[in-house]
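*Asks:* Have a peek at query22.tsv (TSV, C-alpha atoms).
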chain	number	residue	atom	x	y	z
A	254	MET	CA	98.43	114.47	69.44
A	255	ALA	CA	98.00	111.19	71.23
A	256	ALA	CA	94.90	110.27	69.30
A	257	ASN	CA	96.19	110.82	65.80
A	258	ASP	CA	99.58	109.32	66.21
A	259	ARG	CA	98.04	105.90	66.18
A	260	ASP	CA	100.26	103.70	64.10
A	261	ASP	CA	99.59	101.03	61.60
A	262	ASP	CA	101.24	98.55	63.88
A	263	SER	CA	98.12	97.39	65.60
A	264	VAL	CA	98.91	93.69	65.75
A	265	LEU	CA	102.39	93.90	67.23
A	266	GLY	CA	101.32	96.87	69.36
A	267	GLY	CA	98.28	94.99	70.59
A	268	ALA	CA	100.37	91.95	71.46
A	269	ILE	CA	102.76	94.12	73.46
A	270	ARG	CA	100.02	96.04	75.20
A	271	THR	CA	98.14	92.95	76.26
A	272	GLN	CA	101.07	90.65	76.99
A	273	ALA	CA	104.20	92.52	78.01
A	274	SER	CA	104.85	92.98	81.72
A	275	ARG	CA	103.91	96.31	83.15
A	276	HIS	CA	105.97	96.27	86.30
A	277	ARG	CA	104.18	97.72	89.28
A	278	ALA	CA	106.02	99.64	91.95
A	279	PRO	CA	106.37	97.54	95.10
A	280	PRO	CA	104.10	98.79	97.88
A	281	ALA	CA	106.95	99.85	100.13
A	282	LEU	CA	108.45	102.13	97.48
A	283	ALA	CA	105.81	104.82	97.88
A	284	ALA	CA	106.31	104.83	101.63
A	285	ASN	CA	110.08	104.96	101.24
A	286	ILE	CA	109.82	107.89	98.88
A	287	VAL	CA	107.45	109.74	101.18
A	288	ALA	CA	109.95	109.18	103.98
A	289	ALA	CA	112.89	110.31	101.89
A	290	LEU	CA	111.03	113.44	100.84
A	291	ALA	CA	110.15	114.24	104.42
A	292	ALA	CA	113.79	113.87	105.39
A	293	GLU	CA	114.84	115.98	102.43
A	294	ALA	CA	112.37	118.72	103.31
A	295	GLY	CA	113.80	118.73	106.80
A	296	ALA	CA	110.40	117.87	108.17
A	297	GLU	CA	110.43	116.17	111.49
A	298	PRO	CA	107.96	113.32	111.89
A	299	ALA	CA	104.62	113.88	113.56
A	300	ARG	CA	104.75	117.54	112.68
A	301	ALA	CA	101.20	118.33	113.67
A	302	GLY	CA	101.83	116.87	117.08
A	303	THR	CA	104.03	117.97	119.85
A	304	GLY	CA	106.10	114.85	120.26
A	305	TRP	CA	105.39	112.10	122.66
A	306	TRP	CA	106.06	114.23	125.64
A	307	ARG	CA	102.82	115.74	126.71
A	308	GLY	CA	104.02	117.51	129.78
A	309	PRO	CA	103.21	121.02	130.86
A	310	GLY	CA	103.23	123.63	128.16
A	311	TRP	CA	106.33	125.32	129.45
A	312	LEU	CA	108.29	122.22	128.67
A	313	ARG	CA	107.41	122.46	125.05
A	314	LEU	CA	110.26	124.71	124.20
A	315	GLY	CA	109.66	126.73	121.14
A	316	SER	CA	112.80	125.49	119.58
A	317	ALA	CA	112.19	122.79	117.02
A	318	PHE	CA	115.50	121.28	117.99
A	319	ALA	CA	114.50	120.78	121.58
A	320	CYS	CA	111.16	119.36	120.53
A	321	GLY	CA	112.83	116.95	118.17
A	322	LEU	CA	115.21	115.90	120.89
A	323	LEU	CA	112.38	115.36	123.35
A	324	ALA	CA	110.34	113.49	120.78
A	325	GLY	CA	113.25	111.27	119.89
A	326	LEU	CA	114.02	110.55	123.49
A	327	ALA	CA	110.40	109.84	124.33
A	328	VAL	CA	110.03	107.53	121.34
A	329	LEU	CA	112.96	105.56	122.65
A	330	LEU	CA	111.29	105.31	126.04
A	331	VAL	CA	107.75	104.62	124.95
A	332	ASN	CA	108.36	102.54	121.90
A	333	PRO	CA	109.32	98.93	122.46
A	334	ALA	CA	109.01	98.07	118.77
A	335	PRO	CA	112.28	97.94	116.88
A	336	ALA	CA	112.93	101.06	114.85
A	337	ASP	CA	112.62	99.28	111.55
A	338	ASP	CA	110.04	96.70	112.49
A	339	PRO	CA	108.82	95.38	109.15
A	340	LEU	CA	105.28	95.33	110.50
A	341	VAL	CA	105.43	99.06	111.17
A	342	ARG	CA	106.69	99.68	107.67
A	343	GLU	CA	103.93	97.50	106.29
A	344	VAL	CA	101.24	99.34	108.20
A	345	VAL	CA	102.54	102.70	106.98
A	346	ALA	CA	102.86	101.41	103.42
A	347	SER	CA	99.29	100.12	103.46
A	348	HIS	CA	98.06	103.45	104.73
A	349	VAL	CA	99.95	105.40	102.08
A	350	ARG	CA	98.83	103.04	99.37
A	351	SER	CA	95.20	103.27	100.39
A	352	LEU	CA	95.38	107.05	100.01
A	353	MET	CA	97.42	106.93	96.82
A	354	VAL	CA	95.58	104.55	94.60
A	355	ALA	CA	92.14	105.85	95.49
A	356	HIS	CA	91.32	102.50	96.95
A	357	LEU	CA	90.36	103.55	100.39
A	358	SER	CA	87.14	101.62	100.84
A	359	ASP	CA	85.68	98.41	99.49
A	360	VAL	CA	82.53	99.19	101.38
A	361	ALA	CA	81.90	102.88	101.82
A	362	SER	CA	79.45	103.41	104.60
A	363	THR	CA	79.14	105.39	107.75
A	364	ASP	CA	76.90	102.70	109.17
A	365	GLN	CA	78.66	100.21	111.40
A	366	HIS	CA	75.79	97.78	110.82
A	367	SER	CA	76.58	97.55	107.14
A	368	VAL	CA	80.37	97.68	107.45
A	369	LYS	CA	80.67	94.86	109.99
A	370	PRO	CA	78.57	92.29	108.06
A	371	TRP	CA	80.43	93.19	104.87
A	372	PHE	CA	83.48	91.38	106.27
A	373	ASN	CA	81.47	88.15	106.72
A	374	GLY	CA	82.82	85.43	104.51
A	375	LYS	CA	85.83	87.54	103.59
A	376	LEU	CA	87.79	87.05	106.79
A	377	ASP	CA	88.06	84.23	109.29
A	378	PHE	CA	87.24	86.63	112.09
A	379	SER	CA	84.73	89.39	112.70
A	380	PRO	CA	86.36	92.74	113.39
A	381	PRO	CA	84.75	95.05	115.92
A	382	VAL	CA	83.28	97.99	114.03
A	383	GLU	CA	82.19	101.04	115.92
A	384	ASP	CA	81.07	104.36	114.57
A	385	LEU	CA	82.64	107.18	116.56
A	386	ALA	CA	80.88	110.04	114.82
A	387	ALA	CA	79.54	111.27	118.14
A	388	SER	CA	83.12	111.77	119.29
A	389	GLY	CA	84.21	113.45	116.08
A	390	PHE	CA	85.61	110.39	114.31
A	391	PRO	CA	82.96	109.28	111.82
A	392	LEU	CA	83.33	105.84	110.29
A	393	ALA	CA	83.86	106.09	106.53
A	394	GLY	CA	84.03	102.47	105.43
A	395	GLY	CA	85.95	99.23	105.40
A	396	ARG	CA	88.38	97.41	103.20
A	397	LEU	CA	90.22	94.13	103.01
A	398	ASP	CA	93.95	94.47	103.25
A	399	TYR	CA	96.94	92.22	103.69
A	400	VAL	CA	99.28	92.89	106.58
A	401	ASN	CA	101.53	90.73	108.72
A	402	GLN	CA	101.17	87.88	106.23
A	403	ARG	CA	97.44	87.59	106.62
A	404	PRO	CA	94.22	89.16	105.37
A	405	VAL	CA	93.13	91.87	107.76
A	406	ALA	CA	90.23	94.25	108.16
A	407	ALA	CA	90.96	97.89	107.47
A	408	LEU	CA	88.49	100.37	108.92
A	409	ILE	CA	88.53	103.91	107.68
A	410	TYR	CA	87.68	106.83	109.88
A	411	HIS	CA	87.80	110.53	109.27
A	412	HIS	CA	88.66	113.34	111.57
A	413	ARG	CA	88.43	116.79	110.08
A	414	GLN	CA	90.37	116.45	106.81
A	415	HIS	CA	92.47	113.54	108.08
A	416	THR	CA	92.05	109.90	107.23
A	417	ILE	CA	92.71	107.20	109.78
A	418	ASN	CA	93.25	103.59	108.77
A	419	VAL	CA	92.68	101.03	111.51
A	420	PHE	CA	94.02	97.57	110.75
A	421	VAL	CA	92.53	94.76	112.81
A	422	TRP	CA	93.36	91.08	113.01
A	423	PRO	CA	93.27	88.38	115.68
A	424	ALA	CA	96.18	88.86	118.05
A	425	SER	CA	98.73	86.10	118.26
A	426	GLY	CA	102.15	85.69	119.79
A	427	PRO	CA	103.99	88.29	121.79
A	428	LEU	CA	103.66	90.95	119.11
A	429	VAL	CA	102.85	94.16	120.88
A	430	GLN	CA	101.39	93.86	124.32
A	431	LYS	CA	101.02	97.38	125.58
A	432	PRO	CA	99.66	100.29	123.61
A	433	THR	CA	102.52	101.48	121.47
A	434	ARG	CA	102.85	104.85	119.87
A	435	LEU	CA	105.29	105.74	117.24
A	436	ALA	CA	105.88	108.08	114.37
A	437	ARG	CA	107.09	107.08	110.95
A	438	GLN	CA	107.55	109.18	107.87
A	439	GLY	CA	105.36	111.91	109.20
A	440	PHE	CA	102.60	109.53	110.17
A	441	ASN	CA	101.58	108.64	113.67
A	442	LEU	CA	100.83	105.09	114.63
A	443	GLU	CA	99.29	103.52	117.64
A	444	SER	CA	98.96	99.84	118.30
A	445	TRP	CA	97.03	98.05	121.01
A	446	ARG	CA	95.25	94.84	121.83
A	447	LYS	CA	91.70	94.42	122.89
A	448	ASP	CA	89.49	91.36	123.21
A	449	GLY	CA	92.01	89.18	121.46
A	450	MET	CA	92.36	91.55	118.51
A	451	GLN	CA	95.46	93.40	117.42
A	452	PHE	CA	94.79	96.98	116.35
A	453	TRP	CA	97.02	99.34	114.40
A	454	ALA	CA	95.83	102.88	113.77
A	455	VAL	CA	97.79	105.05	111.37
A	456	SER	CA	97.17	108.59	110.22
A	457	ASP	CA	98.72	111.95	109.53
A	458	LEU	CA	96.59	113.18	112.40
A	459	ASN	CA	98.60	114.53	115.31
A	460	ASP	CA	99.59	112.08	118.00
A	461	ARG	CA	97.36	113.57	120.69
A	462	GLU	CA	94.17	113.20	118.71
A	463	LEU	CA	95.17	109.82	117.33
A	464	SER	CA	95.75	108.65	120.85
A	465	GLU	CA	92.36	109.97	121.87
A	466	PHE	CA	90.85	108.10	118.95
A	467	ALA	CA	92.68	104.91	119.93
A	468	SER	CA	91.39	105.07	123.47
A	469	LEU	CA	87.85	105.40	122.13
A	470	LEU	CA	88.45	102.10	120.38
A	471	GLY	CA	89.69	100.54	123.57
A	472	ALA	CA	93.43	101.19	123.61
A	473	GLY	CA	94.68	101.00	127.14
A	474	ASP	CA	91.76	99.13	128.60
A	475	GLY	CA	92.46	95.67	127.24
A	476	THR	CA	95.36	93.36	127.47
B	251	MET	CA	104.62	118.31	105.95
B	252	ASN	CA	105.30	121.56	104.20
B	253	GLU	CA	103.38	122.88	101.24
B	254	ARG	CA	106.09	122.22	98.69
B	255	THR	CA	106.45	118.58	99.76
B	256	ARG	CA	102.71	118.12	99.67
B	257	ARG	CA	102.47	119.63	96.20
B	258	PHE	CA	105.31	117.51	94.88
B	259	GLU	CA	103.77	114.33	96.25
B	260	ALA	CA	100.42	115.14	94.72
B	261	VAL	CA	102.04	115.76	91.35
B	262	ALA	CA	104.63	112.97	91.34
B	263	LEU	CA	103.31	110.00	93.31
B	264	PRO	CA	100.50	109.15	90.88
B	265	HIS	CA	103.19	108.36	88.29
B	266	LEU	CA	105.07	105.96	90.53
B	267	ASN	CA	104.03	102.85	88.62
B	268	ALA	CA	105.03	104.40	85.30
B	269	ALA	CA	108.36	105.47	86.80
B	270	TYR	CA	109.03	102.04	88.22
B	271	ASN	CA	107.98	100.29	85.03
B	272	LEU	CA	110.42	102.35	82.96
B	273	ALA	CA	113.27	101.86	85.43
B	274	ARG	CA	112.60	98.16	85.76
B	275	TRP	CA	112.65	97.69	82.01
B	276	LEU	CA	115.83	99.72	81.58
B	277	LEU	CA	117.74	98.21	84.49
B	278	ARG	CA	116.27	94.68	84.40
B	279	ASP	CA	116.54	94.46	88.17
B	280	ASP	CA	113.89	94.98	90.85
B	281	ARG	CA	116.14	96.29	93.56
B	282	ALA	CA	118.04	98.66	91.28
B	283	ALA	CA	114.79	99.97	89.84
B	284	GLU	CA	113.51	100.77	93.33
B	285	ASP	CA	116.70	102.56	94.30
B	286	VAL	CA	116.90	104.54	91.11
B	287	VAL	CA	113.23	105.57	91.19
B	288	GLN	CA	113.60	106.76	94.76
B	289	GLU	CA	116.71	108.71	93.82
B	290	ALA	CA	114.92	110.18	90.81
B	291	TYR	CA	112.00	111.30	92.97
B	292	LEU	CA	114.38	113.04	95.34
B	293	ARG	CA	116.07	114.71	92.40
B	294	GLY	CA	112.72	115.74	90.99
B	295	PHE	CA	111.85	117.21	94.36
B	296	ARG	CA	115.08	119.21	94.44
B	297	PHE	CA	114.43	120.53	90.97
B	298	PHE	CA	110.70	120.84	91.41
B	299	ASP	CA	110.92	124.54	90.64
B	300	SER	CA	112.01	123.66	87.12
B	301	PHE	CA	108.72	121.87	86.56
B	302	ARG	CA	106.51	124.20	84.60
B	303	GLY	CA	103.15	122.71	85.44
B	304	GLY	CA	100.98	120.59	83.19
B	305	ASP	CA	101.41	116.85	83.07
B	306	ALA	CA	104.27	115.86	85.34
B	307	ARG	CA	104.71	112.42	83.83
B	308	PRO	CA	107.08	113.22	80.94
B	309	TRP	CA	109.11	115.51	83.17
B	310	LEU	CA	109.39	112.91	85.92
B	311	LEU	CA	110.08	110.00	83.59
B	312	GLY	CA	112.80	112.08	81.96
B	313	ILE	CA	114.56	112.26	85.32
B	314	VAL	CA	114.02	108.54	85.95
B	315	ARG	CA	115.46	107.75	82.53
B	316	LYS	CA	118.55	109.87	83.13
B	317	ARG	CA	119.18	108.24	86.50
B	318	CYS	CA	118.81	104.81	84.89
B	319	TYR	CA	121.43	105.59	82.27
B	320	SER	CA	123.84	106.93	84.91
B	321	TRP	CA	123.27	103.78	86.91
B	322	LEU	CA	124.07	101.62	83.89
B	323	GLU	CA	127.14	103.66	83.07
B	324	ASP	CA	128.42	103.54	86.63
B	325	ARG	CA	128.26	99.79	86.48
B	326	GLY	CA	130.11	99.41	83.24
B	327	HIS	CA	127.12	98.91	81.02
B	328	GLU	CA	128.00	101.99	79.04
B	329	GLY	CA	128.22	99.88	75.90
B	330	GLU	CA	124.48	99.58	76.26
B	331	THR	CA	123.84	103.26	76.49
B	332	VAL	CA	126.22	104.66	73.89
B	333	GLU	CA	124.21	106.62	71.39
B	334	PHE	CA	123.56	104.33	68.54
B	335	ASP	CA	123.89	105.37	64.93
B	336	GLU	CA	120.99	107.70	64.35
B	337	GLU	CA	121.90	107.98	60.66
B	338	ARG	CA	121.60	104.28	60.15
B	339	ASP	CA	118.39	104.12	62.09
B	340	SER	CA	116.66	106.81	60.15
B	341	GLN	CA	117.67	105.01	56.96
B	342	VAL	CA	115.43	102.19	57.92
B	343	GLY	CA	112.54	103.86	56.17
B	344	SER	CA	110.01	101.16	56.76
B	345	PRO	CA	109.96	98.71	59.59
B	346	VAL	CA	111.99	95.59	59.04
B	347	GLY	CA	109.62	92.95	57.77
B	348	GLY	CA	107.34	95.52	56.18
B	349	ASN	CA	103.64	94.92	56.38
B	350	LEU	CA	102.42	91.99	58.29
B	351	GLY	CA	101.61	89.03	56.15
B	352	ASP	CA	99.07	86.60	57.41
B	353	PRO	CA	101.48	84.05	58.88
B	354	GLU	CA	103.16	86.85	60.77
B	355	THR	CA	99.86	88.14	62.05
B	356	LEU	CA	98.98	84.69	63.24
B	357	LEU	CA	102.30	84.33	64.95
B	358	LEU	CA	101.96	87.65	66.75
B	359	ARG	CA	98.46	86.75	67.87
B	360	LYS	CA	99.56	83.61	69.61
B	361	LEU	CA	102.61	85.09	71.30
B	362	ASP	CA	102.75	84.65	75.01
B	363	LYS	CA	103.91	86.96	77.72
B	364	ALA	CA	107.30	85.35	78.25
B	365	ARG	CA	108.27	85.64	74.61
B	366	ILE	CA	107.18	89.21	74.26
B	367	ASP	CA	109.00	90.17	77.44
B	368	ARG	CA	112.11	88.38	76.26
B	369	ALA	CA	112.04	90.11	72.90
B	370	ILE	CA	111.62	93.59	74.45
B	371	ASP	CA	114.33	92.79	76.95
B	372	GLY	CA	116.71	91.99	74.12
B	373	LEU	CA	116.38	95.44	72.55
B	374	PRO	CA	119.06	98.08	73.08
B	375	PRO	CA	117.87	100.56	75.77
B	376	ALA	CA	117.12	103.37	73.32
B	377	PHE	CA	114.67	101.09	71.52
B	378	ARG	CA	113.40	99.36	74.62
B	379	GLU	CA	112.42	102.64	76.22
B	380	VAL	CA	110.38	103.89	73.26
B	381	ILE	CA	108.45	100.60	73.13
B	382	VAL	CA	107.80	100.70	76.87
B	383	LEU	CA	106.72	104.35	76.84
B	384	ARG	CA	104.66	104.03	73.71
B	385	GLU	CA	102.93	100.69	74.17
B	386	LEU	CA	102.84	100.23	77.94
B	387	GLU	CA	102.49	103.83	79.05
B	388	ALA	CA	100.52	104.95	75.98
B	389	MET	CA	102.50	108.16	75.69
B	390	SER	CA	102.39	110.39	72.63
B	391	TYR	CA	105.46	110.96	70.42
B	392	GLU	CA	105.78	114.44	71.88
B	393	GLU	CA	105.76	113.13	75.42
B	394	ILE	CA	108.27	110.42	74.64
B	395	ALA	CA	110.44	113.05	72.96
B	396	THR	CA	110.39	115.03	76.23
B	397	VAL	CA	111.35	111.97	78.25
B	398	ALA	CA	114.18	110.93	75.96
B	399	GLY	CA	115.36	114.45	75.14
B	400	VAL	CA	115.22	113.92	71.37
B	401	PRO	CA	113.00	115.36	68.60
B	402	ALA	CA	109.64	113.69	67.98
B	403	GLY	CA	110.87	112.61	64.54
B	404	THR	CA	113.63	110.61	66.17
B	405	VAL	CA	111.10	108.99	68.45
B	406	MET	CA	109.13	107.90	65.41
B	407	SER	CA	112.13	106.44	63.62
B	408	ARG	CA	113.29	104.69	66.77
B	409	LEU	CA	109.84	103.22	67.25
B	410	ALA	CA	109.78	101.92	63.69
B	411	ARG	CA	113.22	100.44	64.09
B	412	ALA	CA	112.33	98.98	67.50
B	413	ARG	CA	109.29	97.27	66.05
B	414	GLY	CA	111.36	95.86	63.23
B	415	LEU	CA	113.89	94.46	65.68
B	416	LEU	CA	111.11	93.06	67.83
B	417	ARG	CA	109.58	91.28	64.88
B	418	GLN	CA	112.93	89.81	63.95
B	419	ALA	CA	113.53	88.63	67.47
B	420	LEU	CA	110.08	87.11	67.74
B	421	MET	CA	110.50	85.26	64.45
B	422	GLN	CA	113.86	83.89	65.50
B	423	ASP	CA	112.41	82.87	68.81
B	424	GLU	CA	109.58	81.11	66.99
B	425	ASN	CA	111.93	79.28	64.65
B	426	LYS	CA	114.11	78.22	67.51
B	427	ASP	CA	111.15	76.80	69.38
B	428	GLY	CA	109.77	75.09	66.33
B	429	PRO	CA	106.46	75.81	64.66
B	430	HIS	CA	104.39	74.44	67.50
B	431	GLY	CA	106.25	76.09	70.27
B	432	SER	CA	107.38	74.33	73.39
B	433	GLU	CA	106.28	76.45	76.27
Could you show the structure in this file as structure tokens?
*Replies:*
Amino acid sequence: MAANDRDDDSVLGGAIRTQASRHRAPPALAANIVAALAAEAGAEPARAGTGWWRGPGWLRLGSAFACGLLAGLAVLLVNPAPADDPLVREVVASHVRSLMVAHLSDVASTDQHSVKPWFNGKLDFSPPVEDLAASGFPLAGGRLDYVNQRPVAALIYHHRQHTINVFVWPASGPLVQKPTRLARQGFNLESWRKDGMQFWAVSDLNDRELSEFASLLGAGDGT
Amino acid sequence: MNERTRRFEAVALPHLNAAYNLARWLLRDDRAAEDVVQEAYLRGFRFFDSFRGGDARPWLLGIVRKRCYSWLEDRGHEGETVEFDEERDSQVGSPVGGNLGDPETLLLRKLDKARIDRAIDGLPPAFREVIVLRELEAMSYEEIATVAGVPAGTVMSRLARARGLLRQALMQDENKDGPHGSE
């Protein structure tokens, strides 16, 4: 039908199609909707994980309620970032957007020696790029992104069927000093500093494996 | 994330820009458009079982459209959304202005973004939405009919009428600005 209901109105139609505003959804909207859906579905965040509490197995009570309670409590204890830190929202939104618009990589390569130089001339810093394939987290590529009011490097890693976005930019100010773990909208996040760089990893991967991934990239051994 | 949520996201999120574009045009407000689209997505999720497969866009945009009209009505814009006189509209057999003469063609060719936006913005919602869906979302008459909940024939007559009104508005705009424009 679409093809043969072309109208005679090509001039006016053309003017509208080329000139009129096509409003684009603001980046945060997708993330907000994902969050609202998760809440609606009664899904607790970080569902693949077991909450922040990684104590002995017997403590992980089968009851989802108890787990949720523990997770909530532990988030309060572990997480110094304000609950609605705009930076956290931004990081989640960037992650969601990168998956949504099929714009995951500007440079798709599993080779750290082609991903790292790709950022030359695009950023005023050189992000550390490390392939972690040997540990089960193969590098998939890199991308420019814009977070925290500055251009940042986004590195993409895979782990099984999960995608991990790692945002890197030069650390400044008292942003987040210690490794920080949190869960937002069903995604897990971990932030740390190393060698003067601020890292944010975000993924739907469970918190345990994301944390393992973060420590491979130096979380916990820098300042 | 459960299977149903995952399925809904896969089906509905790709149409987010189309949903937002429609809402933004109908409500003329960024913030309101965001709220209404989010609400519409939640509603769509609740009634996901009523989605019969195929292209989710007309189904989803139909929900967005409904939420937009409720929003307008709740805020006392119901004058805007009252069903206009379909009889009168279908009587407009050919678009106002008829075929494009050369001067008109020239005028349309040199129109800028601001003027076109202004002219579309000035249309009653029932006309604005068909222009947006047809020209900006490139939807077929059938799809637009699904979104607006009217027969395809009505979509066609509304489109013709909308184009006529647009032409009128653009001409008036041109005359007001003088032949050489002043942008």
*Asks:* Can you work out which one of B:Glu385, B:Glu424, B:Asp371, B:Asp305 has the shortest atom-to-atom distance to chain A, counting only C-alpha atoms?
*Replies:*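 Smallest distance to chain A is found for B:Glu385.
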*Asks:* Give me, as number ranges by chain, all polymer residues having an atom no more than 8 Å from Phe295 (chain B), counting all atoms listed in the file and skipping those fewer than 5 positions away in the same chain.
*Replies:* A: 290; B: 255, 258
*Asks:* Could you give me, as a list in words, the residues that have an atom at most 12 Å away from the point (116.3, 85.3, 72.3) in the coordinates of the file, using all atoms listed in the file?
*Replies:* Ala364, Arg365, Ile366, Asp367, Arg368, Ala369, Ile370, Asp371, Gly372, Leu373, Leu415, Leu416, Arg417, Gln418, Ala419, Leu420, Met421, Gln422, Asp423, Glu424, Asn425, Lys426 and Asp427 of chain B
*Asks:* Just to be explicit: take each residue in the selection above, keep C-alpha atoms, and write the result as a compact mmCIF listing (two decimals), in the frame of the given file.
*Replies:*
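Result written to out_29.txt:
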# COMPACT_ATOMS: atom_id res chain seq x y z
CA ALA B 364 107.30 85.35 78.25
CA ARG B 365 108.27 85.64 74.61
CA ILE B 366 107.18 89.21 74.26
CA ASP B 367 109.00 90.17 77.44
CA ARG B 368 112.11 88.38 76.26
CA ALA B 369 112.04 90.11 72.90
CA ILE B 370 111.62 93.59 74.45
CA ASP B 371 114.33 92.79 76.95
CA GLY B 372 116.71 91.99 74.12
CA LEU B 373 116.38 95.44 72.55
CA LEU B 415 113.89 94.46 65.68
CA LEU B 416 111.11 93.06 67.83
CA ARG B 417 109.58 91.28 64.88
CA GLN B 418 112.93 89.81 63.95
CA ALA B 419 113.53 88.63 67.47
CA LEU B 420 110.08 87.11 67.74
CA MET B 421 110.50 85.26 64.45
CA GLN B 422 113.86 83.89 65.50
CA ASP B 423 112.41 82.87 68.81
CA GLU B 424 109.58 81.11 66.99
CA ASN B 425 111.93 79.28 64.65
CA LYS B 426 114.11 78.22 67.51
CA ASP B 427 111.15 76.80 69.38
*Asks:* From the list B:Ala376, B:Val286, B:Leu322, B:Leu263, which residue is nearest chain A when using only C-alpha atoms?
*Replies:* B:Leu263
*Asks:* Report the distance between CA of Arg325 (chain B) and CA of Val397 (chain B) in Å, rounded to one decimal place.
*Replies:* 22.4 Å
*Asks:* Identify all chain A residues at most 8 Å from chain B by counting all atoms listed in the file; ligands do not count. Present them as a VMD selection string.
*Replies:* chain A and resid 254 to 255 258 264 to 266 268 to 270 272 to 278 282 to 283 285 to 287 289 to 291 293 to 294 296 300 353 to 354 439
*Asks:* Which neighbours of Gly394 (chain A) fall inside 7 Å, counting all atoms listed in the file, when residues of the same chain fewer than 3 positions from it are skipped, and could you give them as a list of chain:residue names?
*Replies:* A:Ser358, A:Val360, A:Ala361, A:Ser362, A:Thr363, A:Val368, A:Leu408, A:Ile409
*Asks:* Quick one: residues within 12 Å of Ser320 (chain B), only C-alpha atoms, excluding same-chain residues fewer than 3 positions away - as a PyMOL selection string?
*Replies:* chain B and resi 273+276-277+282+286+289-290+313-317+323-328+330-332
*Asks:* Report as a list in words all protein, DNA and RNA residues lying within 7 Å of Ile417 (chain A), evaluated on all atoms listed in the file, omitting residues in the same chain fewer than 5 positions from it.
*Replies:*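 Once the nearby chain positions are removed, what remains is Ile409, Tyr410, His411, Ala454, Val455 and Ser456 of chain A.
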*Asks:* Any chance you can output those residues with C-alpha atoms as a CSV table (one decimal), keeping the file's coordinate frame?
*Replies:*
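Contents of selection.csv, freshly written:
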chain,number,residue,atom,x,y,z
A,409,ILE,CA,88.5,103.9,107.7
A,410,TYR,CA,87.7,106.8,109.9
A,411,HIS,CA,87.8,110.5,109.3
A,454,ALA,CA,95.8,102.9,113.8
A,455,VAL,CA,97.8,105.0,111.4
A,456,SER,CA,97.2,108.6,110.2
*Asks:* Counting all atoms listed in the file, select every polymer residue within 8 Å of (89.1, 101.0, 117.0) as defined in the file's coordinates, and provide the selection as a count of residues only.
*Replies:* 13
*Asks:* Quick one: pull the distance between CA of Ala407 (chain A) and CA of Lys447 (chain A), Å, one decimal.
*Replies:*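 Spanning CA of Ala407 (chain A) to CA of Lys447 (chain A) is a straight-line distance of 15.8 Å.
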*Asks:* May I ask for the distance between CA of Met450 (chain A) and CA of Ala424 (chain A), given in Å to one decimal place?
*Replies:*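 Between CA of Met450 (chain A) and CA of Ala424 (chain A) the gap works out to 4.7 Å.
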*Asks:* Excluding Val345 (chain A) and any residue of its chain fewer than 6 positions from it, enumerate the residues within 8 Å of it, using all atoms listed in the file, and give them as an mmCIF file with C-alpha atoms, keeping the file's coordinate frame.
*Replies:*
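What follows is the written file around-v3.cif:
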data_model
loop_
_atom_site.group_PDB
_atom_site.id
_atom_site.type_symbol
_atom_site.label_atom_id
_atom_site.label_comp_id
_atom_site.auth_asym_id
_atom_site.auth_seq_id
_atom_site.Cartn_x
_atom_site.Cartn_y
_atom_site.Cartn_z
ATOM 1 C CA ALA A 284 106.310 104.830 101.630
ATOM 2 C CA ARG A 437 107.090 107.080 110.950
ATOM 3 C CA PHE A 440 102.600 109.530 110.170
ATOM 4 C CA VAL A 455 97.790 105.050 111.370
#
*Asks:* Can you work out which one of B:Gly294, B:Arg278, B:Ala412, B:Ile394 has the shortest atom-to-atom distance to Cys318 (chain B), counting all atoms listed in the file?
*Replies:*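 The answer is B:Arg278, which sits nearest to Cys318 (chain B).
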*Asks:* Which of these, A:Gly473, A:Gly449, A:Pro339, A:Gly374, has the shortest distance to Gln402 (chain A) once you count all atoms listed in the file?
*Replies:*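 Ranking A:Gly473, A:Gly449, A:Pro339, A:Gly374 by distance to Gln402 (chain A), first place goes to A:Pro339.
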*Asks:* Can region 322-328 of chain B be brought up to N, CA and C atoms and written out as a PDB file, in the frame of the given file?
*Replies:*
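The file below, part-v6.pdb, is the result:
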ATOM      1  N   LEU B 322     123.485 102.612  84.803  1.00  0.00           N
ATOM      2  CA  LEU B 322     124.070 101.620  83.890  1.00  0.00           C
ATOM      3  C   LEU B 322     125.522 101.955  83.584  1.00  0.00           C
ATOM      4  N   GLU B 323     125.770 103.254  83.386  1.00  0.00           N
ATOM      5  CA  GLU B 323     127.140 103.660  83.070  1.00  0.00           C
ATOM      6  C   GLU B 323     128.077 103.422  84.236  1.00  0.00           C
ATOM      7  N   ASP B 324     127.591 103.745  85.446  1.00  0.00           N
ATOM      8  CA  ASP B 324     128.420 103.540  86.630  1.00  0.00           C
ATOM      9  C   ASP B 324     128.811 102.079  86.789  1.00  0.00           C
ATOM     10  N   ARG B 325     127.989 101.210  86.283  1.00  0.00           N
ATOM     11  CA  ARG B 325     128.260  99.790  86.480  1.00  0.00           C
ATOM     12  C   ARG B 325     128.821  99.127  85.242  1.00  0.00           C
ATOM     13  N   GLY B 326     129.386  99.972  84.372  1.00  0.00           N
ATOM     14  CA  GLY B 326     130.110  99.410  83.240  1.00  0.00           C
ATOM     15  C   GLY B 326     129.216  98.859  82.145  1.00  0.00           C
ATOM     16  N   HIS B 327     127.970  99.311  82.132  1.00  0.00           N
ATOM     17  CA  HIS B 327     127.120  98.910  81.020  1.00  0.00           C
ATOM     18  C   HIS B 327     127.075  99.993  79.957  1.00  0.00           C
ATOM     19  N   GLU B 328     128.149 100.830  79.919  1.00  0.00           N
ATOM     20  CA  GLU B 328     128.000 101.990  79.040  1.00  0.00           C
ATOM     21  C   GLU B 328     127.891 101.580  77.578  1.00  0.00           C
TER      22      GLU B 328
END
